[in-house]
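Structure below is target35.cif: mmCIF, C-alpha atoms.
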data_input
#
loop_
_atom_site.label_atom_id
_atom_site.label_comp_id
_atom_site.auth_asym_id
_atom_site.auth_seq_id
_atom_site.Cartn_x
_atom_site.Cartn_y
_atom_site.Cartn_z
CA MET A 1 15.20 20.06 38.70
CA SER A 2 16.93 16.67 38.63
CA THR A 3 18.37 15.20 35.45
CA GLU A 4 16.58 11.97 36.39
CA THR A 5 13.10 13.37 35.80
CA ALA A 6 10.51 11.45 33.83
CA SER A 7 10.71 11.75 30.06
CA PRO A 8 7.81 11.68 27.61
CA ILE A 9 10.12 10.01 25.08
CA ASP A 10 9.21 6.33 24.70
CA PHE A 11 11.48 4.23 22.52
CA GLU A 12 10.34 0.86 23.85
CA ALA A 13 8.77 -0.14 20.55
CA ALA A 14 9.45 -3.78 19.62
CA VAL A 15 12.78 -3.94 17.83
CA GLU A 16 11.40 -5.93 14.90
CA THR A 17 9.55 -2.76 13.85
CA TRP A 18 12.74 -0.80 13.21
CA LEU A 19 16.03 -2.68 13.66
CA PRO A 20 15.83 -4.77 10.44
CA GLU A 21 15.47 -1.56 8.44
CA VAL A 22 18.59 -0.11 10.08
CA LEU A 23 20.71 -3.23 9.60
CA ASP A 24 19.60 -3.58 5.98
CA PHE A 25 20.66 0.06 5.43
CA SER A 26 17.30 0.81 3.80
CA PHE A 27 16.52 3.22 6.67
CA GLY A 28 13.37 4.98 5.44
CA ASN A 29 12.21 7.25 8.26
CA THR A 30 13.59 5.09 11.07
CA LEU A 31 16.88 6.88 11.64
CA GLU A 32 15.40 10.34 11.36
CA SER A 33 12.73 9.35 13.87
CA LEU A 34 15.37 8.01 16.25
CA ARG A 35 17.52 11.12 15.90
CA SER A 36 14.55 13.45 16.42
CA ARG A 37 13.48 11.57 19.53
CA PHE A 38 17.00 11.60 20.89
CA ILE A 39 17.40 15.35 20.27
CA LEU A 40 14.14 15.97 22.15
CA PHE A 41 15.33 13.69 24.93
CA VAL A 42 18.67 15.50 25.32
CA SER A 43 16.97 18.88 25.02
CA GLU A 44 14.68 17.93 27.88
CA ARG A 45 17.70 17.05 29.99
CA TRP A 46 19.31 20.34 29.00
CA GLY A 47 16.21 22.17 30.19
CA GLY A 48 16.42 20.32 33.49
CA TRP A 49 20.13 21.08 33.85
CA ILE A 50 19.85 24.80 33.14
CA GLY A 51 16.75 24.99 35.34
CA ALA A 52 18.70 23.47 38.22
CA LEU A 53 21.56 25.93 37.61
CA THR A 54 19.13 28.87 37.70
CA LEU A 55 17.64 27.65 40.98
CA ALA A 56 21.10 27.27 42.52
CA ASP A 57 22.56 30.49 41.06
CA HIS A 58 19.89 32.70 39.52
CA GLU A 59 22.34 35.21 38.03
CA ALA A 60 24.51 32.54 36.39
CA GLY A 61 21.50 30.69 34.99
CA GLU A 62 19.92 33.83 33.56
CA ARG A 63 23.22 34.95 32.04
CA LEU A 64 23.77 31.59 30.33
CA GLN A 65 20.22 31.54 28.96
CA SER A 66 20.72 35.06 27.61
CA ARG A 67 23.94 34.08 25.83
CA ILE A 68 22.21 31.06 24.27
CA SER A 69 19.11 32.91 23.14
CA ASP A 70 20.56 34.34 19.93
CA LEU A 71 22.61 31.30 18.91
CA PRO A 72 21.47 29.68 15.64
CA LEU A 73 19.78 26.30 16.12
CA GLU A 74 22.68 24.50 14.42
CA ALA A 75 25.14 25.97 16.93
CA LEU A 76 22.95 24.96 19.88
CA CYS A 77 22.69 21.42 18.49
CA ARG A 78 26.49 21.29 18.19
CA ILE A 79 26.64 21.89 21.93
CA LEU A 80 23.84 19.56 23.02
CA LEU A 81 24.76 16.64 20.75
CA ALA A 82 28.50 16.71 21.46
CA PRO A 83 29.48 13.38 23.06
CA GLU A 84 31.01 15.28 26.00
CA SER A 85 27.71 17.12 26.55
CA ILE A 86 25.64 13.94 26.36
CA ARG A 87 27.80 12.32 29.02
CA ARG A 88 27.25 15.30 31.33
CA LEU A 89 23.52 15.62 30.69
CA LEU A 90 22.61 11.92 30.89
CA TRP A 91 25.16 10.51 33.33
CA ALA A 92 26.05 13.41 35.62
CA SER A 93 27.28 12.25 39.02
CA GLY A 94 25.76 15.17 40.92
CA GLU A 95 28.97 15.77 42.85
CA PRO A 96 29.76 19.49 43.46
CA ALA A 97 33.06 19.33 41.59
CA ASP A 98 31.34 17.75 38.58
CA ARG A 99 28.60 20.38 38.64
CA GLU A 100 31.16 23.17 38.71
CA GLU A 101 33.09 21.63 35.82
CA SER A 102 29.89 21.22 33.81
CA VAL A 103 28.97 24.87 34.35
CA ARG A 104 32.39 25.94 33.09
CA PHE A 105 32.10 23.49 30.19
CA PHE A 106 28.73 24.76 28.95
CA VAL A 107 29.41 28.47 29.58
CA ARG A 108 32.61 28.34 27.53
CA ALA A 109 31.09 26.04 24.89
CA VAL A 110 28.41 28.67 24.27
CA GLU A 111 31.05 31.38 23.88
CA VAL A 112 33.01 29.29 21.34
CA GLU A 113 29.89 28.84 19.23
CA ARG A 114 29.16 32.56 19.49
CA ALA A 115 32.67 33.28 18.25
CA SER A 116 32.24 30.84 15.34
CA CYS A 117 28.94 32.49 14.41
CA GLY A 118 30.46 35.98 14.40
CA LEU A 119 28.59 37.06 17.53
CA ASP A 120 30.19 38.93 20.41
CA HIS A 121 32.00 36.52 22.71
CA GLN A 122 33.84 36.57 26.01
CA LEU A 123 36.98 34.58 25.21
CA ASP A 124 40.58 35.74 25.10
CA ASP A 125 42.38 32.38 24.97
CA VAL A 126 42.21 29.23 22.88
CA VAL A 127 39.03 27.49 24.02
CA TRP A 128 37.79 24.30 22.37
CA SER A 129 34.26 23.67 21.22
CA ALA A 130 32.01 21.12 22.92
CA MET A 131 32.59 18.85 19.90
CA GLY A 132 36.37 19.23 20.27
CA ASP A 133 36.64 19.72 16.51
CA ARG A 134 37.61 23.40 16.49
CA HIS A 135 38.65 26.18 18.84
CA SER A 136 37.87 29.83 19.39
CA LEU A 137 40.85 31.05 17.36
CA SER A 138 40.22 28.80 14.35
CA PRO A 139 40.58 30.96 11.24
CA ASP A 140 38.05 28.76 9.43
CA PRO A 141 35.55 27.05 11.75
CA HIS A 142 34.52 24.56 9.09
CA THR A 143 37.87 23.05 8.11
CA THR A 144 37.56 20.04 10.40
CA ARG A 145 34.35 18.83 8.72
CA CYS A 146 36.37 17.86 5.61
CA GLY A 147 33.44 17.74 3.25
CA ASP A 148 31.77 14.33 3.23
CA LEU A 149 33.42 13.11 6.44
CA PRO A 150 32.20 13.28 10.02
CA ARG A 151 33.61 16.06 12.23
CA LEU A 152 37.25 15.21 12.97
CA VAL A 153 38.87 15.47 16.40
CA ILE A 154 42.65 15.13 16.28
CA GLY A 155 44.29 13.55 19.33
CA ASP A 156 42.98 12.95 22.83
CA PRO A 157 39.51 14.56 23.14
CA ALA A 158 40.05 14.97 26.90
CA THR A 159 42.57 17.72 26.07
CA LYS A 160 40.07 19.53 23.83
CA LEU A 161 37.30 20.50 26.23
CA PRO A 162 35.83 23.97 26.70
CA SER A 163 36.52 23.50 30.41
CA THR A 164 40.21 22.63 30.01
CA GLN A 165 42.36 24.45 32.56
CA PRO A 166 44.66 26.17 31.89
CA PRO A 167 43.46 27.16 28.41
CA GLY A 168 45.05 25.18 25.64
CA SER A 169 46.86 26.15 22.50
CA PRO A 170 46.25 25.32 18.84
CA PRO A 171 47.45 21.77 18.18
CA GLU A 172 50.59 21.00 16.28
CA PRO A 173 49.53 19.44 12.95
CA TRP A 174 50.19 15.74 12.43
CA PRO A 175 52.54 15.31 9.46
CA ALA A 176 50.48 12.33 8.30
CA LEU A 177 47.10 14.07 8.72
CA PRO A 178 46.56 15.11 5.07
CA ALA A 179 47.21 11.54 3.92
CA MET A 180 44.91 10.17 6.64
CA VAL A 181 42.09 12.50 5.63
CA ALA A 182 42.60 11.60 1.98
CA ARG A 183 42.24 7.87 2.76
CA LEU A 184 39.12 8.50 4.84
CA GLN A 185 37.68 10.46 1.93
CA GLU A 186 38.54 7.60 -0.43
CA ALA A 187 36.78 5.13 1.87
CA GLN A 188 33.77 7.41 2.05
CA ALA A 189 33.71 7.76 -1.75
CA LEU A 190 33.67 3.96 -2.10
CA LEU A 191 30.78 3.74 0.37
CA ARG A 192 28.91 6.37 -1.63
CA ALA A 193 29.55 4.45 -4.85
CA THR A 194 28.15 1.34 -3.18
CA ASP A 195 25.04 3.11 -1.87
CA PRO A 196 24.71 6.83 -1.06
CA LYS A 197 22.77 5.91 2.09
CA LEU A 198 25.85 4.13 3.44
CA ALA A 199 28.00 7.24 3.03
CA ASP A 200 25.32 9.44 4.57
CA PHE A 201 25.12 7.04 7.50
CA ALA A 202 28.91 7.04 8.00
CA ARG A 203 29.01 10.84 7.93
CA ASP A 204 25.99 11.54 10.11
CA TRP A 205 26.06 8.80 12.76
CA ASN A 206 29.67 9.26 13.79
CA THR A 207 29.08 12.57 15.54
CA THR A 208 32.82 13.01 15.99
CA LEU A 209 35.52 10.85 14.43
CA VAL A 210 38.54 10.92 16.73
CA LEU A 211 41.96 10.13 15.26
CA ARG A 212 44.31 8.94 18.01
CA HIS A 213 47.54 7.11 18.69
CA ALA A 214 47.18 4.23 21.15
CA PRO A 215 49.63 4.19 24.10
CA SER A 216 50.84 0.76 22.98
CA SER A 217 49.86 0.01 19.43
CA ARG A 218 48.04 -3.22 18.64
CA GLY A 219 47.45 -2.15 15.09
CA PHE A 220 44.48 -0.30 13.66
CA GLN A 221 41.30 -0.53 15.74
CA SER A 222 38.09 1.41 16.26
CA SER A 223 36.01 1.91 19.39
CA SER A 224 33.07 3.81 20.89
CA PRO A 225 33.57 4.74 24.56
CA GLU A 226 30.68 4.09 26.90
CA ARG A 227 28.41 7.07 27.66
CA TYR A 228 30.00 9.37 25.06
CA VAL A 229 27.24 8.68 22.55
CA GLY A 230 28.37 9.47 19.02
CA ARG A 231 32.12 9.49 19.68
CA SER A 232 33.94 7.11 17.34
CA ILE A 233 37.67 6.58 17.71
CA LEU A 234 40.07 5.34 15.05
CA TRP A 235 43.31 4.18 16.66
CA ASP A 236 46.60 4.25 14.76
CA MET A 237 45.12 4.73 11.30
CA ASP A 238 48.25 6.59 10.17
CA ASP A 239 49.85 3.27 9.20
CA PRO A 240 49.84 3.35 5.38
CA ALA A 241 48.96 -0.36 5.44
CA VAL A 242 45.47 0.40 6.79
CA GLY A 243 43.19 -0.11 3.80
CA THR A 244 40.13 1.81 2.72
CA ASP A 245 38.08 -1.33 3.42
CA ALA A 246 39.10 -1.21 7.10
CA LEU A 247 38.27 2.50 7.32
CA ALA A 248 34.90 2.10 5.59
CA GLU A 249 33.96 -0.81 7.86
CA ALA A 250 35.07 1.09 10.96
CA MET A 251 32.87 4.09 10.16
CA ILE A 252 29.81 1.88 9.59
CA HIS A 253 30.67 -0.24 12.65
CA GLU A 254 30.90 2.69 15.06
CA GLY A 255 27.92 4.47 13.48
CA LEU A 256 25.80 1.42 14.29
CA HIS A 257 26.99 1.61 17.89
CA THR A 258 25.73 5.20 18.00
CA VAL A 259 22.28 4.01 16.87
CA PHE A 260 22.13 1.32 19.55
CA ASP A 261 23.54 3.59 22.25
CA MET A 262 20.93 6.25 21.51
CA ALA A 263 18.14 3.69 21.69
CA ASP A 264 19.51 2.29 24.96
CA ALA A 265 19.89 5.74 26.52
CA MET A 266 16.21 6.43 25.88
CA LEU A 267 15.36 3.28 27.81
CA SER A 268 17.85 3.46 30.65
CA ARG A 269 18.12 7.17 31.47
CA VAL A 270 14.44 7.87 32.11
CA THR A 271 12.42 7.54 35.30
CA PRO A 272 10.89 5.02 35.61
CA ARG A 273 13.35 3.11 33.50
CA ARG A 274 12.01 1.05 30.60
CA ALA A 275 12.83 -2.55 29.75
CA ARG A 276 16.34 -2.60 28.32
CA TRP A 277 17.43 -5.13 25.71
CA VAL A 278 19.20 -7.09 28.45
CA THR A 279 16.68 -7.08 31.28
CA ASP A 280 18.83 -8.36 34.18
CA PRO A 281 20.49 -5.33 35.87
CA SER A 282 23.25 -7.53 37.28
CA LEU A 283 24.54 -8.18 33.74
CA TYR A 284 25.46 -4.49 33.39
CA ASP A 285 28.30 -4.88 35.89
CA GLY A 286 30.94 -4.87 33.14
CA VAL A 287 32.05 -8.45 33.82
CA SER A 288 33.02 -10.28 30.62
CA ARG A 289 30.87 -13.41 30.38
CA THR A 290 31.04 -14.03 26.63
CA VAL A 291 33.72 -14.35 23.96
CA SER A 292 33.21 -12.83 20.52
CA PRO A 293 33.54 -15.41 17.71
CA TRP A 294 34.42 -12.51 15.38
CA THR A 295 37.36 -11.04 17.30
CA GLY A 296 38.08 -13.36 20.23
CA SER A 297 37.52 -10.47 22.63
CA ARG A 298 35.88 -11.09 25.98
CA LEU A 299 32.69 -9.04 26.30
CA ASP A 300 29.98 -8.39 28.85
CA VAL A 301 26.51 -9.56 27.80
CA PRO A 302 24.98 -6.15 26.82
CA THR A 303 28.05 -5.36 24.72
CA TYR A 304 27.82 -8.76 23.04
CA VAL A 305 24.19 -8.11 22.08
CA HIS A 306 25.24 -4.86 20.42
CA ALA A 307 28.23 -6.59 18.79
CA PHE A 308 25.97 -9.32 17.39
CA LEU A 309 23.81 -6.67 15.71
CA VAL A 310 26.81 -4.69 14.47
CA TRP A 311 28.33 -7.76 12.80
CA PHE A 312 25.02 -8.64 11.19
CA GLY A 313 24.95 -5.10 9.81
CA LEU A 314 28.53 -5.47 8.53
CA LEU A 315 27.53 -8.71 6.83
CA GLY A 316 24.87 -6.71 4.99
CA LEU A 317 27.41 -4.01 4.16
CA TRP A 318 29.84 -6.41 2.49
CA ALA A 319 27.03 -8.26 0.74
CA LYS A 320 26.06 -4.93 -0.85
CA VAL A 321 29.69 -4.24 -1.73
CA ALA A 322 30.08 -7.69 -3.31
CA SER A 323 26.99 -7.14 -5.47
CA ARG A 324 28.16 -3.69 -6.62
CA GLY A 325 31.87 -4.46 -7.10
CA THR A 326 32.99 -1.18 -5.53
CA PHE A 327 35.91 -2.64 -3.52
CA GLU A 328 38.47 -5.20 -4.62
CA PRO A 329 36.55 -8.53 -4.93
CA GLN A 330 39.00 -10.49 -2.77
CA VAL A 331 38.91 -7.82 -0.07
CA ALA A 332 35.11 -7.74 -0.07
CA ARG A 333 34.93 -11.54 0.07
CA LYS A 334 37.35 -11.70 2.99
CA ARG A 335 35.35 -9.07 4.92
CA LEU A 336 32.06 -10.78 4.11
CA LEU A 337 33.32 -14.14 5.36
CA ARG A 338 34.75 -12.59 8.52
CA ALA A 339 31.38 -11.08 9.38
CA GLY A 340 29.33 -14.03 8.19
CA VAL A 341 31.02 -17.23 9.33
CA PRO A 342 29.72 -17.11 12.95
CA PHE A 343 26.19 -16.72 11.56
CA ALA A 344 26.72 -19.41 8.92
CA THR A 345 28.00 -21.89 11.53
CA ARG A 346 25.31 -20.83 14.04
CA THR A 347 27.90 -19.87 16.63
CA ALA A 348 26.83 -16.22 16.77
CA PHE A 349 24.00 -16.66 19.28
CA MET A 350 25.67 -19.53 21.13
CA PRO A 351 27.52 -17.33 23.71
CA LEU A 352 24.16 -15.78 24.65
CA GLU A 353 22.34 -19.09 25.24
CA PRO A 354 23.09 -19.14 29.01
CA PHE A 355 21.57 -15.66 29.27
CA ALA A 356 18.69 -16.06 26.81
CA GLU A 357 16.00 -15.59 29.47
CA GLN A 358 17.64 -12.31 30.54
CA ILE A 359 17.32 -10.84 27.03
CA ARG A 360 14.11 -9.02 26.14
CA PRO A 361 11.94 -11.51 24.20
CA ASP A 362 11.56 -9.38 21.06
CA VAL A 363 15.33 -8.79 20.96
CA ARG A 364 16.11 -12.45 21.59
CA ASP A 365 13.73 -13.58 18.84
CA LEU A 366 15.20 -11.08 16.38
CA LEU A 367 18.78 -12.17 17.09
CA ARG A 368 17.85 -15.78 16.39
CA GLN A 369 15.96 -14.72 13.27
CA PHE A 370 19.01 -12.85 11.96
CA GLU A 371 21.21 -15.90 12.54
CA ASP A 372 18.71 -18.11 10.72
CA GLN A 373 18.54 -15.73 7.76
CA ALA A 374 22.30 -15.48 7.42
CA SER A 375 22.86 -19.21 7.84
CA GLN A 376 20.27 -20.02 5.18
CA ALA A 377 21.80 -17.46 2.81
CA PHE A 378 25.24 -19.05 3.20
CA ASP A 379 23.76 -22.53 2.67
CA HIS A 380 22.18 -21.27 -0.56
CA LEU A 381 25.46 -19.76 -1.75
CA ALA A 382 27.32 -22.97 -0.94
CA GLY A 383 24.77 -24.94 -2.95
CA GLU A 384 25.19 -22.63 -5.94
CA GLU A 385 29.00 -23.06 -5.88
CA GLN A 386 28.82 -26.88 -5.96
#

Could you render the structure from this file as structure tokens?
Amino acid sequence: MSTETASPIDFEAAVETWLPEVLDFSFGNTLESLRSRFILFVSERWGGWIGALTLADHEAGERLQSRISDLPLEALCRILLAPESIRRLLWASGEPADREESVRFFVRAVEVERASCGLDHQLDDVVWSAMGDRHSLSPDPHTTRCGDLPRLVIGDPATKLPSTQPPGSPPEPWPALPAMVARLQEAQALLRATDPKLADFARDWNTTLVLRHAPSSRGFQSSSPERYVGRSILWDMDDPAVGTDALAEAMIHEGLHTVFDMADAMLSRVTPRRARWVTDPSLYDGVSRTVSPWTGSRLDVPTYVHAFLVWFGLLGLWAKVASRGTFEPQVARKRLLRAGVPFATRTAFMPLEPFAEQIRPDVRDLLRQFEDQASQAFDHLAGEEQ
């Protein structure tokens, strides 16, 4: 059974019915509905994958299904919703070597979860979980959750796969790690003081929070790699100068990318494919055709659409912070202006004007509506200050 089979999941609903609620951080049932639909979508692909394995190798497929059958639901979800698993289930190449690696990945991922649940397991070496947040010899399988934070992955996640050969070894602890975790917890506490929904969002929509050193440091940055839905990376956050405001913004920023990536996957990875937010397939070639007025980075058009929405969400974040006084006022004001100036000056949508007809009409109209709202709000504030 191919992983490109038709899906009953339809997330083509007009964006004005759900995106404003997400970007206002009022949420309601929207995010739970999206998550539930995405879990069903990935589970369907998992059924297709394991069905194909059973057809190709009946014994291997039956054995894997048997080992999964008594896993708790939470453990199965840890496997299926791991960013590494999503990449394999939704974007598998179909090449024999990739299929073999995926079989090894899922077989060993199941055994790690069995070990963590206290079930019998067939592992003798250090084998990492599908999430990459713990390994089969972890004395306490829950230490990497760190309370109110997302699951933490320390270092390069490519070295923390269940399929890693030869088997790995427990990582050497980073000397700065306790201080890094403490600052993340402080940032999360400030988000919770601003609005508990913000902290819940930061915790739940960054499936894994990867702490890494960049090969050549350009200072603290965050990113979400394509196709690894839910993986959020914080680069070089061990610099003590990185403030809690930067960490809080990064967790909200990358969590929003997870929302948009899930929605896009449910449009683009089904057969027949649905209308994506950018409707021209040629604009998904990765060529940078726009420049971000927020960062100066060159971006392809689909990425710019996501970035536009993320920055509108961050404008809402810092507006909430400014009204609650939970961060230093000058810091909050600086962050608010950084997010808001391109909207206030109506330069946010400008880079998309040449491609406006290639953007889905409901998405295009909503982007312009967001810019209008923000610009009018800034005009009102400017009038009050005169």

Identify, on the basis of only C-alpha atoms, every residue whose closest approach to A:Phe308 does not exceed 8 Å; exclude the query and any residue fewer than 6 positions from it along the same chain; express the result as an MDAnalysis selection string.
chainID A and resid 348:349 367

Given all atoms listed in the file as the basis, pick out the residue of A:Trp174, A:Phe355, A:Trp128, A:Phe27 nearest to A:Thr159.
A:Trp128

Skipping near chain neighbours, those fewer than 6 positions away, what residues fall within 10 Å of stretch 129-133 of chain A using all atoms listed in the file, listed as a PyMOL selection string?
chain A and resi 78-85+105-106+108-113+116+141-145+151-163+207-210+231

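Atom to atom, atom CA of A:Ala263 and atom CA of A:Phe38 stand 8.0 Å apart.
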
Which residues are near A:Trp294? Cut-off 9 Å, all atoms listed in the file, ignore same chain within fewer than 5 positions. Put them as a ChimeraX atom specification.
/A:311,338-342,348

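The residue that comes closest to A:Tyr304, out of A:Trp277, A:Val321, A:Pro329, A:Leu137 and on the basis of only C-alpha atoms, is A:Trp277.
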
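Taking atom CA of A:Ser26 and atom CA of A:Ser43 as the two end points, the separation is 27.9 Å.
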
Find the residues around A:Arg203 up to 9 Å (all atoms listed in the file counted), leave out those fewer than 2 positions away in its own chain, and share them as a ChimeraX atom specification.
/A:148-151,188,198-201,205-207,251,255

Those residues you just picked out, can you put them in a file as a compact mmCIF listing (two decimals), in the coordinates of the input with C-alpha atoms?
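The resulting selection.txt:
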# COMPACT_ATOMS: atom_id res chain seq x y z
CA ASP A 148 31.77 14.33 3.23
CA LEU A 149 33.42 13.11 6.44
CA PRO A 150 32.20 13.28 10.02
CA ARG A 151 33.61 16.06 12.23
CA GLN A 188 33.77 7.41 2.05
CA LEU A 198 25.85 4.13 3.44
CA ALA A 199 28.00 7.24 3.03
CA ASP A 200 25.32 9.44 4.57
CA PHE A 201 25.12 7.04 7.50
CA TRP A 205 26.06 8.80 12.76
CA ASN A 206 29.67 9.26 13.79
CA THR A 207 29.08 12.57 15.54
CA MET A 251 32.87 4.09 10.16
CA GLY A 255 27.92 4.47 13.48

Resolved residues for the PyMOL selection byres ((chain A and resi 49) around 12) as a PyMOL selection string:
chain A and resi 1-5+42-48+50-56+61+64-65+80+85-86+88-92+94+99+102-103+106

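Computed from the coordinates, the atom CA of A:Met262 to atom CA of A:Leu23 distance equals 15.2 Å.
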
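Restricting the calculation to only C-alpha atoms, the smallest distance between A:Val331 and any of A:Leu352, A:Ala246, A:Val301, A:Ile252 is found for A:Ala246.
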
Hits of the PyMOL selection byres ((chain A and resi 290) around 10) in this structure, as an mmCIF file with C-alpha atoms, keeping the file's coordinate frame:
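The result, stored in selection_26.cif:
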data_model
loop_
_atom_site.group_PDB
_atom_site.id
_atom_site.type_symbol
_atom_site.label_atom_id
_atom_site.label_comp_id
_atom_site.auth_asym_id
_atom_site.auth_seq_id
_atom_site.Cartn_x
_atom_site.Cartn_y
_atom_site.Cartn_z
ATOM 1 C CA VAL A 287 32.050 -8.450 33.820
ATOM 2 C CA SER A 288 33.020 -10.280 30.620
ATOM 3 C CA ARG A 289 30.870 -13.410 30.380
ATOM 4 C CA VAL A 291 33.720 -14.350 23.960
ATOM 5 C CA SER A 292 33.210 -12.830 20.520
ATOM 6 C CA PRO A 293 33.540 -15.410 17.710
ATOM 7 C CA GLY A 296 38.080 -13.360 20.230
ATOM 8 C CA SER A 297 37.520 -10.470 22.630
ATOM 9 C CA ARG A 298 35.880 -11.090 25.980
ATOM 10 C CA LEU A 299 32.690 -9.040 26.300
ATOM 11 C CA ASP A 300 29.980 -8.390 28.850
ATOM 12 C CA VAL A 301 26.510 -9.560 27.800
ATOM 13 C CA PRO A 302 24.980 -6.150 26.820
ATOM 14 C CA THR A 303 28.050 -5.360 24.720
ATOM 15 C CA TYR A 304 27.820 -8.760 23.040
ATOM 16 C CA MET A 350 25.670 -19.530 21.130
ATOM 17 C CA PRO A 351 27.520 -17.330 23.710
ATOM 18 C CA LEU A 352 24.160 -15.780 24.650
ATOM 19 C CA PRO A 354 23.090 -19.140 29.010
ATOM 20 C CA PHE A 355 21.570 -15.660 29.270
#

Could you give me the centre and size, in Å to one decimal, of an axis-aligned box around all listed atoms of stretch 301-310 of chain A with 5 Å added on every side, as JSON?
{"center_x": 26.0, "center_y": -7.1, "center_z": 21.1, "size_x": 14.4, "size_y": 14.9, "size_z": 23.3}

Restricting to all atoms listed in the file, whichever of A:Phe327, A:Trp18, A:Phe370, A:Phe378 is closest to A:Leu191 is A:Phe327

Going by the chain IDs and residue numbers used in this file, which residues fall under the PyMOL selection byres ((chain A and resi 119) around 12)? Write them as a PyMOL selection string.
chain A and resi 67-72+75+110-118+120-123+136

For a quick check of understanding, using all atoms listed in the file, which of A:Arg87, A:Arg276, A:Arg183, A:His213 has the smallest distance to A:Pro240?
A:Arg183

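Comparing the minimum interatomic distances between A:Glu21 and each of A:Gly316, A:Asp280, A:Ile233, A:Ala193, counting only C-alpha atoms, we find that A:Gly316 sits nearest.
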